[in-house]
>>> print(open('structure.txt').read())   # compact mmCIF, C-alpha atoms and all ligand atoms
# COMPACT_ATOMS: atom_id res chain seq x y z
CA MET A 1 80.95 110.21 84.06
CA ASP A 2 84.46 111.30 83.07
CA TYR A 3 86.27 110.41 86.31
CA GLU A 4 89.64 111.58 85.02
CA LEU A 5 88.31 115.09 84.33
CA LEU A 6 86.45 115.15 87.63
CA CYS A 7 89.63 114.13 89.44
CA ALA A 8 91.56 116.96 87.77
CA LYS A 9 88.95 119.43 89.02
CA VAL A 10 89.14 118.02 92.55
CA ILE A 11 92.94 118.33 92.44
CA ALA A 12 92.69 122.00 91.45
CA THR A 13 90.30 122.84 94.29
CA THR A 14 92.39 120.84 96.77
CA ARG A 15 95.50 122.78 95.79
CA LEU A 16 93.69 126.09 96.43
CA THR A 17 92.64 124.97 99.90
CA GLY A 18 96.16 123.70 100.54
CA ASN A 19 97.47 127.18 99.79
CA PHE A 20 95.08 128.61 102.38
CA ILE A 21 96.22 126.10 105.04
CA ARG A 22 99.90 126.69 104.25
CA LYS A 23 99.45 130.45 104.55
CA GLU A 24 97.61 130.13 107.88
CA SER A 25 100.30 127.82 109.26
CA LEU A 26 102.80 130.69 109.08
CA SER A 27 100.87 132.85 111.55
CA PHE A 28 98.94 130.18 113.48
CA ASN A 29 98.55 130.91 117.17
CA SER A 30 97.83 127.90 119.35
CA ASP A 31 95.54 130.03 121.57
CA SER A 32 92.86 129.47 118.95
CA ILE A 33 92.61 125.71 119.57
CA GLU A 34 89.26 124.20 120.51
CA PHE A 35 88.64 120.74 121.99
CA LYS A 36 86.06 118.38 120.47
CA GLY A 37 86.86 115.63 122.98
CA LEU A 38 89.83 114.19 124.86
CA ASN A 39 92.95 115.06 122.82
CA ASP A 40 90.69 115.80 119.85
CA LEU A 41 91.79 119.23 118.66
CA VAL A 42 90.37 121.56 116.06
CA SER A 43 91.05 125.12 114.91
CA TYR A 44 89.48 127.79 112.74
CA VAL A 45 91.84 126.60 109.97
CA ASP A 46 90.14 123.17 109.81
CA LYS A 47 86.69 124.79 109.66
CA GLN A 48 87.52 127.47 107.10
CA ALA A 49 89.36 124.96 104.91
CA GLU A 50 86.30 122.72 105.01
CA ARG A 51 83.96 125.57 104.02
CA LEU A 52 86.23 126.43 101.11
CA LEU A 53 86.26 122.81 99.91
CA VAL A 54 82.49 122.48 100.25
CA LYS A 55 81.92 125.69 98.29
CA ASN A 56 84.18 124.67 95.40
CA LEU A 57 83.25 120.96 95.28
CA SER A 58 79.56 121.95 95.19
CA LYS A 59 80.26 123.81 91.96
CA ILE A 60 81.94 120.73 90.44
CA LEU A 61 79.10 118.33 91.25
CA PRO A 62 76.03 120.23 92.54
CA GLU A 63 73.95 117.09 93.18
CA ALA A 64 76.47 115.39 95.52
CA GLY A 65 76.01 115.07 99.28
CA PHE A 66 78.69 115.67 101.91
CA THR A 67 80.08 113.89 104.96
CA THR A 68 82.64 116.22 106.52
CA GLU A 69 84.64 115.98 109.71
CA GLU A 70 83.89 119.46 111.01
CA ASP A 71 80.21 119.17 110.21
CA THR A 72 79.96 122.51 108.40
CA ILE A 73 77.53 120.59 106.16
CA ASN A 74 75.94 117.15 106.29
CA THR A 75 73.76 116.09 103.35
CA LYS A 76 73.04 112.83 101.55
CA GLY A 77 73.26 112.71 97.77
CA GLU A 78 71.08 110.41 95.68
CA VAL A 79 74.06 108.97 93.80
CA PHE A 80 77.21 110.88 94.74
CA ASP A 81 78.70 111.74 98.13
CA TRP A 82 81.90 113.55 99.07
CA ILE A 83 83.73 112.38 102.20
CA ILE A 84 86.08 115.09 103.42
CA ASP A 85 88.73 115.66 106.03
CA PRO A 86 89.87 119.24 105.45
CA LEU A 87 92.98 118.82 107.61
CA ASP A 88 94.14 115.34 108.54
CA GLY A 89 96.90 115.67 111.11
CA THR A 90 95.49 118.59 113.10
CA THR A 91 97.63 117.75 116.14
CA ASN A 92 100.74 117.98 113.94
CA PHE A 93 99.48 121.27 112.46
CA ILE A 94 98.87 122.79 115.89
CA HIS A 95 102.29 121.74 117.19
CA GLY A 96 104.12 122.95 114.10
CA ILE A 97 104.98 119.49 112.78
CA PRO A 98 104.78 119.69 108.99
CA THR A 99 103.01 116.42 108.16
CA TYR A 100 99.32 117.01 107.47
CA ALA A 101 97.03 116.65 104.49
CA ILE A 102 93.68 117.30 102.89
CA SER A 103 91.72 114.11 102.24
CA ILE A 104 88.80 114.00 99.78
CA SER A 105 86.94 111.09 98.28
CA LEU A 106 83.89 110.81 96.09
CA TYR A 107 81.54 107.84 96.42
CA GLU A 108 79.09 106.82 93.71
CA ASP A 109 76.32 104.46 94.80
CA GLY A 110 78.31 103.62 97.92
CA LYS A 111 81.57 102.84 96.09
CA PRO A 112 84.68 105.05 95.82
CA VAL A 113 85.39 106.59 92.40
CA ILE A 114 87.82 109.40 93.29
CA GLY A 115 90.44 109.79 96.02
CA VAL A 116 92.74 112.75 96.59
CA VAL A 117 95.24 113.22 99.43
CA TYR A 118 97.36 116.37 99.35
CA GLU A 119 100.36 116.50 101.64
CA ILE A 120 100.52 120.26 101.76
CA ASN A 121 104.06 121.01 102.89
CA ARG A 122 105.74 118.57 100.52
CA GLY A 123 103.50 119.64 97.65
CA GLU A 124 102.65 115.98 97.06
CA MET A 125 99.29 115.46 95.37
CA PHE A 126 98.17 111.83 95.52
CA SER A 127 95.16 111.01 93.39
CA ALA A 128 93.20 108.08 92.01
CA TYR A 129 90.11 107.66 89.91
CA LYS A 130 88.04 104.59 89.16
CA GLY A 131 89.77 102.30 86.71
CA GLY A 132 92.59 104.80 86.12
CA GLY A 133 95.11 103.79 88.77
CA ALA A 134 96.84 105.96 91.33
CA PHE A 135 99.21 108.89 90.87
CA LEU A 136 101.64 111.10 92.73
CA ASN A 137 101.91 114.51 91.08
CA ASN A 138 100.49 112.91 87.91
CA LYS A 139 103.01 110.04 87.80
CA ALA A 140 101.63 106.52 88.20
CA ILE A 141 102.38 104.89 91.57
CA HIS A 142 102.24 101.32 92.84
CA VAL A 143 102.40 99.61 96.20
CA SER A 144 105.72 98.02 97.16
CA LYS A 145 106.74 94.53 96.08
CA ARG A 146 108.35 93.47 99.35
CA THR A 147 107.34 89.99 100.42
CA SER A 148 109.33 89.57 103.59
CA LEU A 149 108.35 91.47 106.74
CA SER A 150 112.03 91.70 107.62
CA GLU A 151 112.48 94.21 104.75
CA CYS A 152 109.32 96.20 105.42
CA LEU A 153 108.58 99.60 106.98
CA LEU A 154 105.17 99.75 108.66
CA ALA A 155 103.01 102.63 109.89
CA THR A 156 100.37 102.88 112.57
CA GLY A 157 98.48 105.32 114.79
CA PHE A 158 98.54 105.26 118.58
CA PRO A 159 95.25 105.33 120.50
CA TYR A 160 94.76 108.75 122.10
CA TYR A 161 91.25 108.76 123.53
CA GLN A 162 89.97 105.20 123.78
CA PHE A 163 92.46 102.99 125.53
CA ASP A 164 90.50 99.75 126.03
CA LYS A 165 92.50 97.78 123.45
CA GLN A 166 95.84 99.37 124.30
CA PRO A 167 97.49 96.36 126.03
CA GLN A 168 96.87 94.07 123.04
CA TYR A 169 97.96 96.82 120.68
CA MET A 170 101.24 97.21 122.56
CA GLN A 171 101.89 93.48 122.30
CA LEU A 172 101.27 93.63 118.57
CA PHE A 173 103.69 96.59 118.26
CA SER A 174 106.29 94.68 120.20
CA THR A 175 106.06 91.64 117.93
CA LEU A 176 106.07 93.72 114.73
CA MET A 177 108.99 95.91 115.83
CA GLN A 178 111.14 92.83 116.16
CA LYS A 179 110.20 91.52 112.73
CA CYS A 180 110.44 94.55 110.41
CA HIS A 181 112.63 97.56 109.55
CA GLY A 182 110.57 99.79 111.80
CA LEU A 183 107.20 101.08 112.89
CA ARG A 184 106.25 104.74 112.28
CA ARG A 185 103.52 106.98 113.75
CA ILE A 186 103.54 110.09 111.60
CA GLY A 187 100.18 111.52 112.73
CA SER A 188 98.06 111.58 109.59
CA ALA A 189 96.19 108.46 108.51
CA ALA A 190 95.63 109.97 105.06
CA VAL A 191 99.38 110.43 104.58
CA ASP A 192 100.08 106.95 105.97
CA LEU A 193 97.76 105.46 103.35
CA ALA A 194 99.15 107.60 100.53
CA TYR A 195 102.63 106.40 101.48
CA VAL A 196 101.44 102.80 101.29
CA ALA A 197 100.02 103.53 97.83
CA CYS A 198 103.39 104.77 96.55
CA GLY A 199 105.42 102.02 98.22
CA ARG A 200 107.15 104.06 100.96
CA PHE A 201 105.34 102.11 103.64
CA ASP A 202 104.55 98.44 103.06
CA ALA A 203 101.50 98.45 105.33
CA PHE A 204 99.53 100.67 107.70
CA PHE A 205 97.06 99.73 110.45
CA GLU A 206 95.01 101.66 113.00
CA TYR A 207 91.65 101.44 114.75
CA ASN A 208 88.97 103.97 115.71
CA LEU A 209 89.40 105.96 112.52
CA ASN A 210 86.47 107.70 110.83
CA SER A 211 85.43 107.45 107.20
CA TRP A 212 86.94 110.89 106.41
CA ASP A 213 90.35 109.76 107.73
CA VAL A 214 90.64 106.74 105.45
CA ALA A 215 88.17 106.81 102.53
CA ALA A 216 90.46 108.63 100.08
CA GLY A 217 93.68 106.93 101.17
CA ALA A 218 92.20 103.44 101.12
CA PHE A 219 91.03 104.01 97.55
CA LEU A 220 94.54 105.18 96.60
CA VAL A 221 95.96 101.93 97.98
CA GLN A 222 93.40 99.83 96.10
CA GLU A 223 94.00 101.65 92.81
CA ALA A 224 97.77 101.27 93.36
CA GLY A 225 97.35 97.49 93.51
CA GLY A 226 97.25 96.97 97.28
CA SER A 227 94.81 95.37 99.72
CA VAL A 228 92.60 97.02 102.34
CA THR A 229 90.67 95.11 104.99
CA ASN A 230 89.64 95.33 108.62
CA PHE A 231 91.60 93.46 111.31
CA THR A 232 89.85 90.17 110.54
CA GLY A 233 90.37 90.33 106.77
CA GLY A 234 86.86 91.61 105.89
CA ASP A 235 86.05 94.39 103.43
CA GLU A 236 84.01 96.50 105.89
CA PHE A 237 86.89 98.62 107.17
CA LEU A 238 84.80 101.81 107.15
CA GLN A 239 82.03 100.32 109.29
CA THR A 240 84.21 98.36 111.73
CA ARG A 241 86.62 101.29 112.19
CA GLU A 242 89.68 99.06 111.84
CA ILE A 243 91.98 99.27 108.87
CA LEU A 244 94.90 97.24 107.57
CA ALA A 245 96.14 98.51 104.22
CA GLY A 246 99.21 97.20 102.50
CA ASN A 247 100.92 95.78 99.45
CA GLY A 248 98.91 92.57 99.77
CA LEU A 249 102.04 90.41 100.00
CA ILE A 250 102.43 90.60 103.80
CA HIS A 251 98.73 90.97 104.57
CA THR A 252 98.03 87.44 105.79
CA GLU A 253 101.10 87.42 107.99
CA ILE A 254 99.98 90.63 109.72
CA LEU A 255 96.36 89.44 109.98
CA ASP A 256 97.58 86.27 111.69
CA MET A 257 99.51 88.35 114.23
CA MET A 258 96.46 90.53 114.79
CA GLU A 259 94.36 87.50 115.48
CA GLU A 260 96.92 86.17 117.90
CA HIS A 261 97.51 89.42 119.83
CA PHE A 262 94.35 91.38 119.34
CA ASN A 263 91.09 89.77 118.36
CA SER A 264 91.60 86.61 120.37
CA ASN A 265 92.05 88.75 123.51
CA LEU A 266 89.03 91.02 123.09
C1 LIG A 301 93.74 112.02 112.98
C2 LIG A 301 94.94 111.53 112.20
C3 LIG A 301 95.78 110.62 113.07
C4 LIG A 301 94.97 109.48 113.63
C5 LIG A 301 93.76 110.01 114.34
C6 LIG A 301 92.90 110.88 113.42
P1 LIG A 301 92.69 114.47 112.53
O1 LIG A 301 92.92 112.87 112.21
O2 LIG A 301 94.56 110.83 111.04
O3 LIG A 301 96.87 110.06 112.36
O4 LIG A 301 95.76 108.74 114.52
O5 LIG A 301 93.00 108.96 114.84
O6 LIG A 301 91.78 111.34 114.12
O7 LIG A 301 91.93 114.56 113.81
O8 LIG A 301 94.03 115.08 112.60
O9 LIG A 301 91.90 114.92 111.35
CA CA A 302 91.47 112.93 110.29
CA CA A 303 90.74 116.53 110.46
>>> encode(input="structure.txt", output="structure tokens")
Amino acid sequence: MDYELLCAKVIATTRLTGNFIRKESLSFNSDSIEFKGLNDLVSYVDKQAERLLVKNLSKILPEAGFTTEEDTINTKGEVFDWIIDPLDGTTNFIHGIPTYAISISLYEDGKPVIGVVYEINRGEMFSAYKGGGAFLNNKAIHVSKRTSLSECLLATGFPYYQFDKQPQYMQLFSTLMQKCHGLRRIGSAAVDLAYVACGRFDAFFEYNLNSWDVAAGAFLVQEAGGSVTNFTGGDEFLQTREILAGNGLIHTEILDMMEEHFNSNL
């Protein structure tokens, strides 16, 4: 399989869908919001963008299955599977905040081989393919080289529907805020991860995320030379729905804090 060529095709189809989302954002009316659960918003833009992606990705690799957030399709491929979030950062989109992205990954035999995150309003196309490294608008990117937390900028996501771990999370935030340059919550896990991959953020952590939120971005971080684990340092971040992704140089220090504030108190 020529992953580089495949990745170029995915980029082209992602750009098309990005154009659709950008156009809709200009006339979007928040009356058309639907609720999937507490604070879990969706709009016709998410669903139409997903259908467009499914249609075009099916032409690229007809035998592949799909796991998609909006469930416009759900199939299992024998070898290949796409994992798609057509619009990551829907709450931002609905409120007119410009940070949102399309997130697409391709898995082969259960392992990632392609990852694409497109931050639509900045025109930033992050991509990675197996063995090829990671790119931003076709230029190679790498995770940061910062070794001291005191020089680092971190990103996270706040819980918004399941609040059982919130007290421990707040303690962790409090400790981290005092040790680093700052803690950001920009509202799109895919963008958070892409920013780790290109060294803007030094690490990102969040829990309760789904595979479509993180599969592409986590692969970008790995191909850019970083580390991705769950909150106890294991590889199963998709299954355990906890993710810590970073440059690898501050990973143990953050894991130790997580153990102290989070896991030990569960
Ligand atoms: C959300 C974003 C957000 C994260 C949420 C996700 P959505 O995805 O990634 O940053 O905090 O947990 O659900 O719903 O906008 O696709
Ligand atoms: Ca998402
Ligand atoms: Ca989404």
>>> residues_around(input="structure.txt", residues="Leu149 in chain A", least_positions_apart="4", cutoff="8 Å", atoms="all atoms listed in the file", output="list in words")
Lys179, Cys180, His181 and Ile250 of chain A
>>> closest_residue(input="structure.txt", among="A:Ala140, A:Ala215, A:Met257, A:Ala155", to="Gly110 in chain A", atoms="only C-alpha atoms")
A:Ala215
>>> atom_distance(input="structure.txt", atom1="atom C2 of ligand LIG 301 (chain A)", atom2="CA of Gly157 in chain A")
7.6 Å
>>> residues_near_ligand(input="structure.txt", ligand="ligand CA 302 (chain A)", cutoff="7 Å", atoms="all atoms listed in the file", output="list of chain:residue names")
A:Asp85, A:Leu87, A:Asp88, A:Gly89, A:Ser188, A:Ala189, A:Trp212, A:Asp213
>>> residues_near_ligand(input="structure.txt", ligand="ligand CA 303 (chain A)", cutoff="12 Å", atoms="only C-alpha atoms and all ligand atoms", output="ChimeraX atom specification")
/A:36,40-50,68-71,83-94,100-104,187-190,209-214
>>> atom_distance(input="structure.txt", atom1="CA of Phe231 in chain A", atom2="CA of Met258 in chain A")
6.7 Å
>>> residues_around(input="structure.txt", residues="range 240-248 of chain A", least_positions_apart="5", cutoff="10 Å", atoms="only C-alpha atoms", output="ChimeraX atom specification")
/A:142-147,154-156,192-193,195-199,201-211,214,217-218,221-222,224-235,253-255,258
>>> atom_distance(input="structure.txt", atom1="CA of Glu223 in chain A", atom2="CA of Pro159 in chain A")
28.0 Å
>>> closest_residue(input="structure.txt", among="A:Lys111, A:His95, A:Lys130, A:Lys76", to="ligand LIG 301 (chain A)", atoms="all atoms listed in the file")
A:His95
>>> axis_aligned_box(input="structure.txt", around="ligand LIG 301 (chain A)", padding_each_side="5 Å", output="JSON")
{"center_x": 94.3, "center_y": 111.9, "center_z": 112.9, "size_x": 15.1, "size_y": 16.3, "size_z": 13.8}
>>> closest_atom_pairs(input="structure.txt", of="range 2-77 of chain A", to="range 114-123 of chain A", cutoff="7 Å", atoms="only C-alpha atoms", output="Markdown table")
| residue | atom | partner | partner_atom | distance |
| --- | --- | --- | --- | --- |
| A:Cys7 | CA | A:Ile114 | CA | 6.4 |
| A:Ile11 | CA | A:Val116 | CA | 7.0 |
| A:Gly18 | CA | A:Ile120 | CA | 5.7 |
| A:Arg22 | CA | A:Ile120 | CA | 6.9 |
>>> residues_around(input="structure.txt", residues="Met177 in chain A", least_positions_apart="5", cutoff="10 Å", atoms="all atoms listed in the file", output="PyMOL selection string")
chain A and resi 150+153-154+171-172+182-184
>>> closest_residue(input="structure.txt", among="A:Met125, A:Met170, A:Val54, A:Ile186", to="ligand LIG 301 (chain A)", atoms="all atoms listed in the file")
A:Ile186
>>> closest_residue(input="structure.txt", among="A:Gly77, A:Pro98, A:Pro167, A:Pro62", to="Ile21 in chain A", atoms="all atoms listed in the file")
A:Pro98
>>> closest_residue(input="structure.txt", among="A:Ile97, A:Ile141, A:Leu5, A:Ala134", to="ligand LIG 301 (chain A)", atoms="all atoms listed in the file")
A:Ile97
>>> closest_residue(input="structure.txt", among="A:Thr99, A:Gln178, A:Ser127, A:Phe262", to="ligand LIG 301 (chain A)", atoms="all atoms listed in the file")
A:Thr99
>>> build_atoms(input="structure.txt", residues="range 194-211 of chain A", atoms="N, CA, C and O atoms", output="PDB file, keeping the file's coordinate frame")
ATOM      1  N   ALA A 194      98.547 107.156 101.798  1.00  0.00           N
ATOM      2  CA  ALA A 194      99.150 107.600 100.530  1.00  0.00           C
ATOM      3  C   ALA A 194     100.559 107.027 100.387  1.00  0.00           C
ATOM      4  O   ALA A 194     100.979 106.639  99.297  1.00  0.00           O
ATOM      5  N   TYR A 195     101.271 106.950 101.526  1.00  0.00           N
ATOM      6  CA  TYR A 195     102.630 106.400 101.480  1.00  0.00           C
ATOM      7  C   TYR A 195     102.621 104.891 101.227  1.00  0.00           C
ATOM      8  O   TYR A 195     103.567 104.353 100.660  1.00  0.00           O
ATOM      9  N   VAL A 196     101.572 104.217 101.654  1.00  0.00           N
ATOM     10  CA  VAL A 196     101.440 102.800 101.290  1.00  0.00           C
ATOM     11  C   VAL A 196     101.213 102.698  99.779  1.00  0.00           C
ATOM     12  O   VAL A 196     101.825 101.877  99.090  1.00  0.00           O
ATOM     13  N   ALA A 197     100.358 103.584  99.270  1.00  0.00           N
ATOM     14  CA  ALA A 197     100.020 103.530  97.830  1.00  0.00           C
ATOM     15  C   ALA A 197     101.266 103.705  96.950  1.00  0.00           C
ATOM     16  O   ALA A 197     101.369 103.095  95.890  1.00  0.00           O
ATOM     17  N   CYS A 198     102.210 104.531  97.404  1.00  0.00           N
ATOM     18  CA  CYS A 198     103.390 104.770  96.550  1.00  0.00           C
ATOM     19  C   CYS A 198     104.584 103.914  96.973  1.00  0.00           C
ATOM     20  O   CYS A 198     105.691 104.099  96.455  1.00  0.00           O
ATOM     21  N   GLY A 199     104.374 102.989  97.902  1.00  0.00           N
ATOM     22  CA  GLY A 199     105.420 102.020  98.220  1.00  0.00           C
ATOM     23  C   GLY A 199     106.417 102.458  99.277  1.00  0.00           C
ATOM     24  O   GLY A 199     107.387 101.754  99.545  1.00  0.00           O
ATOM     25  N   ARG A 200     106.217 103.641  99.898  1.00  0.00           N
ATOM     26  CA  ARG A 200     107.150 104.060 100.960  1.00  0.00           C
ATOM     27  C   ARG A 200     106.951 103.204 102.202  1.00  0.00           C
ATOM     28  O   ARG A 200     107.897 102.768 102.831  1.00  0.00           O
ATOM     29  N   PHE A 201     105.697 103.061 102.592  1.00  0.00           N
ATOM     30  CA  PHE A 201     105.340 102.110 103.640  1.00  0.00           C
ATOM     31  C   PHE A 201     104.821 100.840 102.965  1.00  0.00           C
ATOM     32  O   PHE A 201     104.199 100.910 101.892  1.00  0.00           O
ATOM     33  N   ASP A 202     105.055  99.704 103.627  1.00  0.00           N
ATOM     34  CA  ASP A 202     104.550  98.440 103.060  1.00  0.00           C
ATOM     35  C   ASP A 202     103.168  98.105 103.602  1.00  0.00           C
ATOM     36  O   ASP A 202     102.418  97.366 102.959  1.00  0.00           O
ATOM     37  N   ALA A 203     102.852  98.639 104.780  1.00  0.00           N
ATOM     38  CA  ALA A 203     101.500  98.450 105.330  1.00  0.00           C
ATOM     39  C   ALA A 203     101.247  99.487 106.413  1.00  0.00           C
ATOM     40  O   ALA A 203     102.185 100.060 106.987  1.00  0.00           O
ATOM     41  N   PHE A 204      99.967  99.728 106.665  1.00  0.00           N
ATOM     42  CA  PHE A 204      99.530 100.670 107.700  1.00  0.00           C
ATOM     43  C   PHE A 204      98.323 100.049 108.398  1.00  0.00           C
ATOM     44  O   PHE A 204      97.469  99.444 107.756  1.00  0.00           O
ATOM     45  N   PHE A 205      98.253 100.203 109.726  1.00  0.00           N
ATOM     46  CA  PHE A 205      97.060  99.730 110.450  1.00  0.00           C
ATOM     47  C   PHE A 205      96.746 100.687 111.591  1.00  0.00           C
ATOM     48  O   PHE A 205      97.631 101.303 112.175  1.00  0.00           O
ATOM     49  N   GLU A 206      95.468 100.808 111.878  1.00  0.00           N
ATOM     50  CA  GLU A 206      95.010 101.660 113.000  1.00  0.00           C
ATOM     51  C   GLU A 206      93.548 101.331 113.257  1.00  0.00           C
ATOM     52  O   GLU A 206      92.838 100.853 112.368  1.00  0.00           O
ATOM     53  N   TYR A 207      93.077 101.605 114.492  1.00  0.00           N
ATOM     54  CA  TYR A 207      91.650 101.440 114.750  1.00  0.00           C
ATOM     55  C   TYR A 207      91.055 102.742 115.261  1.00  0.00           C
ATOM     56  O   TYR A 207      91.771 103.687 115.586  1.00  0.00           O
ATOM     57  N   ASN A 208      89.721 102.784 115.281  1.00  0.00           N
ATOM     58  CA  ASN A 208      88.970 103.970 115.710  1.00  0.00           C
ATOM     59  C   ASN A 208      89.053 105.139 114.746  1.00  0.00           C
ATOM     60  O   ASN A 208      88.854 106.291 115.133  1.00  0.00           O
ATOM     61  N   LEU A 209      89.366 104.879 113.504  1.00  0.00           N
ATOM     62  CA  LEU A 209      89.400 105.960 112.520  1.00  0.00           C
ATOM     63  C   LEU A 209      87.998 106.169 111.945  1.00  0.00           C
ATOM     64  O   LEU A 209      87.176 105.249 111.928  1.00  0.00           O
ATOM     65  N   ASN A 210      87.755 107.381 111.465  1.00  0.00           N
ATOM     66  CA  ASN A 210      86.470 107.700 110.830  1.00  0.00           C
ATOM     67  C   ASN A 210      86.593 107.610 109.320  1.00  0.00           C
ATOM     68  O   ASN A 210      87.703 107.604 108.771  1.00  0.00           O
ATOM     69  N   SER A 211      85.420 107.611 108.663  1.00  0.00           N
ATOM     70  CA  SER A 211      85.430 107.450 107.200  1.00  0.00           C
ATOM     71  C   SER A 211      86.268 108.542 106.529  1.00  0.00           C
ATOM     72  O   SER A 211      87.003 108.281 105.576  1.00  0.00           O
TER      73      SER A 211
END
